[in-house]
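The next block is work_28.tsv, given as TSV, C-alpha atoms.
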chain	number	residue	atom	x	y	z
A	150	MET	CA	5.89	-17.08	-9.41
A	151	ASN	CA	6.01	-20.82	-9.22
A	152	ILE	CA	4.64	-23.62	-7.12
A	153	SER	CA	6.95	-22.93	-4.19
A	154	VAL	CA	4.72	-20.05	-3.06
A	155	PHE	CA	2.35	-22.60	-1.53
A	156	TYR	CA	5.15	-24.31	0.38
A	157	LEU	CA	6.51	-21.00	1.65
A	158	ILE	CA	3.08	-19.97	2.95
A	159	ALA	CA	2.47	-23.43	4.40
A	160	PHE	CA	5.78	-23.23	6.27
A	161	LEU	CA	4.83	-19.81	7.62
A	162	SER	CA	1.44	-21.15	8.76
A	163	VAL	CA	3.01	-24.03	10.67
A	164	PHE	CA	5.76	-21.84	12.13
A	165	PHE	CA	3.44	-19.12	13.42
A	166	SER	CA	0.89	-21.61	14.77
A	167	LEU	CA	3.73	-23.23	16.69
A	168	MET	CA	4.65	-19.80	18.01
A	169	VAL	CA	1.02	-19.33	19.14
A	170	ILE	CA	1.12	-22.28	21.49
A	171	PHE	CA	4.71	-21.78	22.68
A	172	ALA	CA	4.70	-18.04	23.35
A	173	LYS	CA	4.75	-17.28	27.06
A	174	ASN	CA	2.91	-13.97	26.89
A	175	PRO	CA	-0.77	-14.29	25.88
A	176	VAL	CA	-0.63	-11.01	23.94
A	177	HIS	CA	2.22	-12.36	21.83
A	178	SER	CA	0.06	-15.42	21.22
A	179	VAL	CA	-2.71	-13.21	19.88
A	180	ILE	CA	-0.29	-11.39	17.56
A	181	TYR	CA	1.06	-14.69	16.21
A	182	LEU	CA	-2.51	-15.91	15.79
A	183	ILE	CA	-3.29	-12.85	13.65
A	184	ILE	CA	-0.29	-13.64	11.42
A	185	THR	CA	-1.44	-17.27	11.17
A	186	PHE	CA	-4.89	-16.14	10.05
A	187	PHE	CA	-3.26	-13.88	7.47
A	188	THR	CA	-1.38	-16.83	6.01
A	189	PHE	CA	-4.71	-18.69	5.88
A	190	THR	CA	-6.16	-15.79	3.91
A	191	ILE	CA	-3.30	-16.17	1.43
A	192	HIS	CA	-4.09	-19.88	1.22
A	193	TYR	CA	-7.69	-19.06	0.32
A	194	ILE	CA	-6.54	-16.64	-2.39
A	195	LEU	CA	-4.25	-19.32	-3.78
A	196	LEU	CA	-7.22	-21.71	-3.84
A	197	ASN	CA	-9.18	-19.09	-5.82
A	198	ALA	CA	-11.76	-18.82	-3.00
A	199	GLN	CA	-12.00	-15.05	-3.10
A	200	PHE	CA	-15.16	-14.74	-1.03
A	201	LEU	CA	-13.75	-16.88	1.77
A	202	ALA	CA	-10.51	-14.92	1.71
A	203	ILE	CA	-12.36	-11.66	2.28
A	204	VAL	CA	-14.63	-13.16	4.95
A	205	ASN	CA	-11.64	-14.72	6.71
A	206	PHE	CA	-9.82	-11.40	6.63
A	207	ILE	CA	-12.77	-9.46	8.05
A	208	VAL	CA	-14.21	-11.94	10.55
A	209	TYR	CA	-11.11	-13.65	11.91
A	210	MET	CA	-8.46	-10.97	11.64
A	211	GLY	CA	-10.92	-8.21	12.46
A	212	ALA	CA	-13.70	-9.23	14.79
A	213	ILE	CA	-12.39	-12.28	16.62
A	214	MET	CA	-8.93	-10.85	17.19
A	215	VAL	CA	-10.40	-7.62	18.57
A	216	LEU	CA	-12.46	-9.72	20.97
A	217	PHE	CA	-9.40	-11.65	22.14
A	218	LEU	CA	-7.27	-8.54	22.56
A	219	PHE	CA	-10.00	-6.66	24.40
A	220	VAL	CA	-10.57	-9.51	26.84
A	221	LEU	CA	-6.82	-9.87	27.44
A	222	MET	CA	-6.41	-6.16	28.08
A	223	LEU	CA	-9.54	-5.89	30.23
A	224	LEU	CA	-8.55	-8.82	32.41
A	225	ASN	CA	-5.01	-7.42	32.64
A	226	LEU	CA	-3.50	-10.75	31.66
A	227	ASN	CA	-0.81	-9.24	29.46
A	228	LYS	CA	2.01	-10.32	31.69
A	229	GLU	CA	3.62	-13.66	32.12
A	230	THR	CA	1.66	-14.80	35.12
A	231	GLU	CA	0.70	-18.16	33.76
A	232	PRO	CA	1.84	-20.97	36.02
A	233	VAL	CA	3.42	-23.63	33.85
A	234	LYS	CA	2.17	-27.16	33.86
A	235	SER	CA	4.47	-29.84	35.14
A	236	LEU	CA	6.95	-31.24	32.66
A	237	LEU	CA	5.29	-34.65	32.71
A	238	VAL	CA	1.90	-33.26	31.66
A	239	LYS	CA	3.51	-31.15	28.92
A	240	LEU	CA	5.46	-34.10	27.59
A	241	ALA	CA	2.34	-36.27	27.64
A	242	GLY	CA	0.41	-33.60	25.73
A	243	VAL	CA	3.09	-33.24	23.07
A	244	ILE	CA	3.35	-37.02	22.67
A	245	ALA	CA	-0.44	-37.33	22.36
A	246	GLY	CA	-0.50	-34.63	19.67
A	247	MET	CA	2.33	-36.30	17.77
A	248	CYS	CA	0.46	-39.61	17.96
A	249	LEU	CA	-2.61	-37.93	16.44
A	250	LEU	CA	-0.47	-36.48	13.66
A	251	VAL	CA	1.12	-39.85	12.95
A	252	VAL	CA	-2.29	-41.53	12.79
A	253	LEU	CA	-3.65	-38.88	10.41
A	254	ALA	CA	-0.60	-38.96	8.15
A	255	GLY	CA	-0.49	-42.75	8.16
A	256	SER	CA	-4.15	-43.09	7.22
A	257	LEU	CA	-3.65	-40.52	4.47
A	258	LYS	CA	-0.72	-42.49	3.14
A	259	ALA	CA	-2.69	-45.76	3.31
A	260	ILE	CA	-5.64	-44.23	1.45
A	261	SER	CA	-3.55	-42.53	-1.23
A	262	THR	CA	-1.63	-45.69	-2.03
A	263	SER	CA	-4.73	-47.88	-2.22
A	264	ALA	CA	-6.94	-45.47	-4.20
A	265	LYS	CA	-7.21	-45.78	-7.92
A	266	GLY	CA	-6.07	-43.03	-10.22
A	267	ASN	CA	-3.59	-41.72	-7.64
A	268	PRO	CA	-5.31	-38.44	-6.67
A	269	SER	CA	-2.11	-37.08	-5.18
A	270	THR	CA	-0.86	-36.07	-8.59
A	271	GLN	CA	-4.03	-34.34	-9.72
A	272	GLU	CA	-4.28	-30.60	-9.52
A	273	VAL	CA	-6.51	-28.98	-6.95
A	274	VAL	CA	-8.24	-26.02	-8.60
A	275	GLN	CA	-10.44	-27.15	-11.46
A	276	ASN	CA	-13.37	-24.76	-11.78
A	277	LEU	CA	-12.07	-21.22	-12.09
A	278	ASP	CA	-15.13	-19.23	-10.99
A	279	LEU	CA	-16.13	-21.55	-8.14
A	280	GLY	CA	-15.12	-19.26	-5.28
A	281	THR	CA	-16.43	-15.98	-6.61
A	282	VAL	CA	-19.13	-14.06	-4.77
A	283	LYS	CA	-21.52	-14.37	-7.71
A	284	TYR	CA	-21.39	-18.17	-7.86
A	285	LEU	CA	-21.37	-18.71	-4.10
A	286	GLY	CA	-24.26	-16.30	-3.60
A	287	LYS	CA	-26.40	-18.22	-6.05
A	288	VAL	CA	-25.68	-21.48	-4.22
A	289	LEU	CA	-26.11	-19.94	-0.78
A	290	PHE	CA	-29.49	-18.37	-1.44
A	291	ALA	CA	-30.89	-21.25	-3.48
A	292	ASP	CA	-29.78	-24.50	-1.86
A	293	PHE	CA	-28.76	-23.30	1.60
A	294	LEU	CA	-31.43	-20.71	2.35
A	295	LEU	CA	-32.82	-22.41	5.46
A	296	PRO	CA	-29.40	-22.97	7.15
A	297	PHE	CA	-28.55	-19.36	6.35
A	298	GLU	CA	-31.64	-18.12	8.16
A	299	VAL	CA	-31.06	-20.51	11.07
A	300	SER	CA	-27.51	-19.21	11.45
A	301	SER	CA	-28.93	-15.73	11.96
A	302	ILE	CA	-30.89	-17.08	14.94
A	303	LEU	CA	-27.66	-18.68	16.19
A	304	LEU	CA	-25.85	-15.34	16.03
A	305	LEU	CA	-28.73	-13.58	17.79
A	306	SER	CA	-28.82	-16.13	20.62
A	307	ALA	CA	-25.04	-15.94	20.95
A	308	MET	CA	-25.24	-12.17	21.27
A	309	VAL	CA	-27.95	-12.38	23.92
A	310	GLY	CA	-26.01	-15.07	25.77
A	311	ALA	CA	-22.79	-13.08	25.73
A	312	VAL	CA	-24.48	-9.96	27.06
A	313	LEU	CA	-26.28	-11.94	29.78
A	314	LEU	CA	-23.11	-13.76	30.85
A	315	ALA	CA	-20.82	-10.77	30.91
A	316	LYS	CA	-23.27	-8.49	32.73
A	317	ARG	CA	-22.35	-7.88	36.32
A	318	GLU	CA	-25.01	-9.13	38.68
A	319	LYS	CA	-26.48	-6.45	40.91
A	320	THR	CA	-27.60	-8.71	43.74
A	321	GLU	CA	-24.20	-10.25	44.28
A	322	ILE	CA	-22.71	-9.64	47.70
A	323	SER	CA	-19.07	-8.78	47.34
B	973	MET	CA	-6.06	-13.81	-10.84
B	974	GLU	CA	-5.46	-16.15	-13.75
B	975	GLU	CA	-1.77	-16.19	-12.98
B	976	ILE	CA	-2.38	-17.05	-9.33
B	977	VAL	CA	-4.69	-19.91	-10.31
B	978	LYS	CA	-2.09	-21.26	-12.68
B	979	THR	CA	0.39	-21.11	-9.83
B	980	ILE	CA	-1.64	-23.25	-7.47
B	981	GLN	CA	-2.63	-25.83	-10.03
B	982	GLY	CA	0.49	-27.86	-9.46
B	983	VAL	CA	-0.11	-28.41	-5.75
B	984	PRO	CA	-1.47	-31.91	-5.06
B	985	LEU	CA	-4.38	-32.44	-2.71
B	986	ASN	CA	-2.35	-34.59	-0.35
B	987	HIS	CA	-0.20	-31.65	0.65
B	988	TYR	CA	-3.26	-29.69	1.70
B	989	ILE	CA	-4.43	-32.64	3.82
B	990	LEU	CA	-0.99	-32.90	5.43
B	991	LEU	CA	-0.86	-29.17	6.16
B	992	SER	CA	-4.30	-29.25	7.76
B	993	ALA	CA	-3.38	-32.33	9.80
B	994	VAL	CA	-0.22	-30.63	11.08
B	995	ILE	CA	-2.02	-27.46	12.11
B	996	PHE	CA	-4.86	-29.44	13.72
B	997	SER	CA	-2.30	-31.41	15.74
B	998	ILE	CA	-0.62	-28.18	16.81
B	999	GLY	CA	-4.00	-27.00	18.07
B	1000	VAL	CA	-4.50	-30.25	20.00
B	1001	VAL	CA	-1.06	-29.91	21.57
B	1002	GLY	CA	-1.89	-26.33	22.54
B	1003	VAL	CA	-5.10	-27.41	24.26
B	1004	LEU	CA	-3.31	-30.19	26.12
B	1005	THR	CA	-0.25	-28.26	27.28
B	1006	ARG	CA	-1.38	-24.72	28.13
B	1007	ARG	CA	-3.15	-23.67	31.31
B	1008	ASN	CA	-4.43	-20.24	30.38
B	1009	ALA	CA	-8.04	-20.55	29.26
B	1010	ILE	CA	-7.68	-17.83	26.60
B	1011	VAL	CA	-4.70	-19.55	24.99
B	1012	ILE	CA	-6.75	-22.76	24.93
B	1013	PHE	CA	-9.43	-20.81	23.07
B	1014	MET	CA	-6.84	-19.67	20.54
B	1015	SER	CA	-5.79	-23.28	20.00
B	1016	ILE	CA	-9.42	-24.18	19.32
B	1017	GLU	CA	-9.50	-21.39	16.73
B	1018	LEU	CA	-6.42	-22.92	15.11
B	1019	MET	CA	-8.19	-26.28	14.85
B	1020	LEU	CA	-11.29	-24.67	13.33
B	1021	ASN	CA	-9.15	-22.90	10.77
B	1022	ALA	CA	-7.35	-26.09	9.79
B	1023	VAL	CA	-10.70	-27.73	9.11
B	1024	ASN	CA	-11.81	-24.67	7.13
B	1025	LEU	CA	-8.75	-24.83	4.89
B	1026	LEU	CA	-9.25	-28.53	4.29
B	1027	LEU	CA	-12.92	-28.05	3.39
B	1028	THR	CA	-11.99	-25.30	0.95
B	1029	ALA	CA	-9.31	-27.46	-0.66
B	1030	PHE	CA	-11.75	-30.36	-1.06
B	1031	SER	CA	-14.38	-28.01	-2.46
B	1032	ALA	CA	-11.98	-26.61	-5.05
B	1033	TYR	CA	-10.76	-30.10	-5.82
B	1034	SER	CA	-14.16	-31.63	-6.45
B	1035	GLY	CA	-15.64	-28.56	-8.15
B	1036	ASP	CA	-18.50	-28.37	-5.65
B	1037	ALA	CA	-19.38	-25.08	-3.99
B	1038	SER	CA	-21.03	-26.70	-0.95
B	1039	GLY	CA	-17.73	-26.98	0.89
B	1040	GLN	CA	-17.13	-23.26	0.73
B	1041	ILE	CA	-20.69	-22.63	1.96
B	1042	PHE	CA	-19.94	-24.91	4.91
B	1043	VAL	CA	-16.80	-22.91	5.63
B	1044	PHE	CA	-18.93	-19.78	5.69
B	1045	PHE	CA	-21.26	-21.37	8.25
B	1046	ILE	CA	-18.32	-22.57	10.33
B	1047	MET	CA	-17.02	-19.01	10.44
B	1048	ALA	CA	-20.41	-17.77	11.72
B	1049	LEU	CA	-20.37	-20.56	14.31
B	1050	ALA	CA	-16.83	-19.66	15.38
B	1051	ALA	CA	-17.83	-16.04	15.88
B	1052	ALA	CA	-20.75	-17.08	18.10
B	1053	GLU	CA	-18.55	-19.55	19.98
B	1054	VAL	CA	-15.85	-16.98	20.67
B	1055	ALA	CA	-18.37	-14.41	21.88
B	1056	VAL	CA	-20.04	-16.79	24.34
B	1057	GLY	CA	-16.75	-18.40	25.42
B	1058	LEU	CA	-15.01	-15.14	26.13
B	1059	ALA	CA	-18.06	-13.96	28.07
B	1060	ILE	CA	-17.83	-17.12	30.18
B	1061	ILE	CA	-14.11	-16.50	30.73
B	1062	VAL	CA	-14.79	-12.91	31.81
B	1063	MET	CA	-17.43	-14.14	34.26
B	1064	ILE	CA	-15.11	-16.80	35.67
B	1065	TYR	CA	-12.32	-14.26	36.04
B	1066	ARG	CA	-14.66	-11.95	37.90
B	1067	ASN	CA	-15.51	-14.71	40.37
B	1068	THR	CA	-12.13	-16.36	40.87
B	1069	LYS	CA	-9.60	-13.70	39.74
B	1070	THR	CA	-7.81	-16.17	37.51
B	1071	THR	CA	-8.12	-17.92	34.17
B	1072	ASP	CA	-5.99	-20.88	35.20
B	1073	ILE	CA	-7.95	-23.97	34.28
B	1074	ASN	CA	-6.51	-25.99	37.16
B	1075	VAL	CA	-8.37	-23.73	39.57
B	1076	LEU	CA	-11.64	-24.22	37.70
B	1077	ASN	CA	-12.18	-27.80	38.81
B	1078	ARG	CA	-15.50	-27.35	40.56
B	1079	LEU	CA	-17.35	-29.04	37.72
B	1080	LYS	CA	-15.54	-32.26	38.56
B	1081	TRP	CA	-17.75	-33.07	41.52

Write-out of the structure in structure tokens:
Amino acid sequence: MNISVFYLIAFLSVFFSLMVIFAKNPVHSVIYLIITFFTFTIHYILLNAQFLAIVNFIVYMGAIMVLFLFVLMLLNLNKETEPVKSLLVKLAGVIAGMCLLVVLAGSLKAISTSAKGNPSTQEVVQNLDLGTVKYLGKVLFADFLLPFEVSSILLLSAMVGAVLLAKREKTEIS
Amino acid sequence: MEEIVKTIQGVPLNHYILLSAVIFSIGVVGVLTRRNAIVIFMSIELMLNAVNLLLTAFSAYSGDASGQIFVFFIMALAAAEVAVGLAIIVMIYRNTKTTDINVLNRLKW
């Protein structure tokens, strides 16, 4: 194994995320999105963030993808019924996205050339047990206890909201 | 695990920033060019994931665990967002029989 593993996985991430937005069939988009999330899990493992890798695997590739697939199947959208936007709008969107990318890359280049010590040559992973469950749990339940509890209220309200929104109204005249 | 960590140690931080910028831009292009509301949701998920990867890279770079805690919270937020958003899409589909965003222009007035 050498350093080129990162570049291989990065290429796969970019390739499959491009396939997500260019696939005609929405179900194919979901499948490509699952593969993209899997490459992100590999990125987390390479960064030695083991806890995040497991959570990404379970939450994104498990829960969120099941939600997407169920909604697509329930709405019967798994055929290519999407009317395409006009070519002008598509071209404008692509050009706007490229402009954003150029701005981001240019600012990164400007910062990295003006910063002292040239951080682009320094290695990324420095503390070996930073991403383990033991270390992160200590930080999460000591410094971030209140946001953790508040996020439980967020999840509860999201669940109530989803059930309320998706429930069919009885009084509706159809 | 030691071997994997030794593998990644040669990757500079700038390449992580570039990768995240590229994937974020792909998500923006997806939001701007597609008309199916569910595909737009998937593009938003792509953008959230790019930010997550960048936060993790910064966290590992600076030796601070707060970034990875933030990524954990963002994942909880994304789960809530997807649940509510897909419920809204189901409701809209039930009323208008489509998920084409060009039909859903009643909020404009």

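Taking all atoms listed in the file into account, Leu1025 of chain B lies nearest to A:Thr190 out of the set A:Thr190, A:Ser153, A:Ser178, A:Thr262.
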
Legend entry - Who sits within 10 Å of Leu285 of chain A, all atoms listed in the file, same chain under 3 positions skipped, as an MDAnalysis selection string: (chainID A and resid 198 200:201 278:282 288:291) or (chainID B and resid 1037:1038 1040:1041)

Legend entry - Separation of atom CA of Asn1008 of chain B from atom CA of Leu314 of chain A in Å: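 Atom CA of Asn1008 of chain B lies at a distance of 19.8 Å from atom CA of Leu314 of chain A.
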
Inset, instruction - With all atoms listed in the file counted, which protein, DNA or RNA residues have an atom no more than 12 Å from (-9.5, -20.6, 21.4) in the file frame? Please answer as a PyMOL selection string. - result: (chain A and resi 169-170+175+178-179+182+209+213-214+216-217) or (chain B and resi 999-1000+1002-1003+1006+1008-1021+1050-1051+1053-1058+1061)

Legend entry - Shell of 12 Å around Val1023 of chain B, all atoms listed in the file, local chain residues under 6 positions omitted, as a VMD selection string: (chain A and resid 189) or (chain B and resid 988 to 997 999 1016 to 1017 1029 to 1030 1039 to 1040 1042 to 1044 1046 to 1047 1050)

Inset, instruction - Can you pull out every residue within 10 Å of Lys316 of chain A, counting all atoms listed in the file, but drop anything in the same chain fewer than 4 positions away, and send it as a VMD selection string? - result: (chain A and resid 310 to 312) or (chain B and resid 1059 1062 to 1063)

Inset, instruction - For atom CA of Leu1027 of chain B and atom CA of Phe187 of chain A, quote the distance in Å rounded to one decimal. - result: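 Separation between atom CA of Leu1027 of chain B and atom CA of Phe187 of chain A: 17.6 Å.
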
Inset, instruction - Determine the nearest neighbour of Leu237 of chain A from the options B:Leu1026, B:Ile1073, B:Leu1004, B:Ile1064, counting all atoms listed in the file. - result: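 Closest candidate: B:Leu1004.
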
Inset, instruction - Could you tell me how far atom CA of Ala1032 of chain B lies from atom CA of Asn197 of chain A, in Å and to one decimal? - result: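 Computing the Euclidean distance for atom CA of Ala1032 of chain B and atom CA of Asn197 of chain A yields 8.1 Å.
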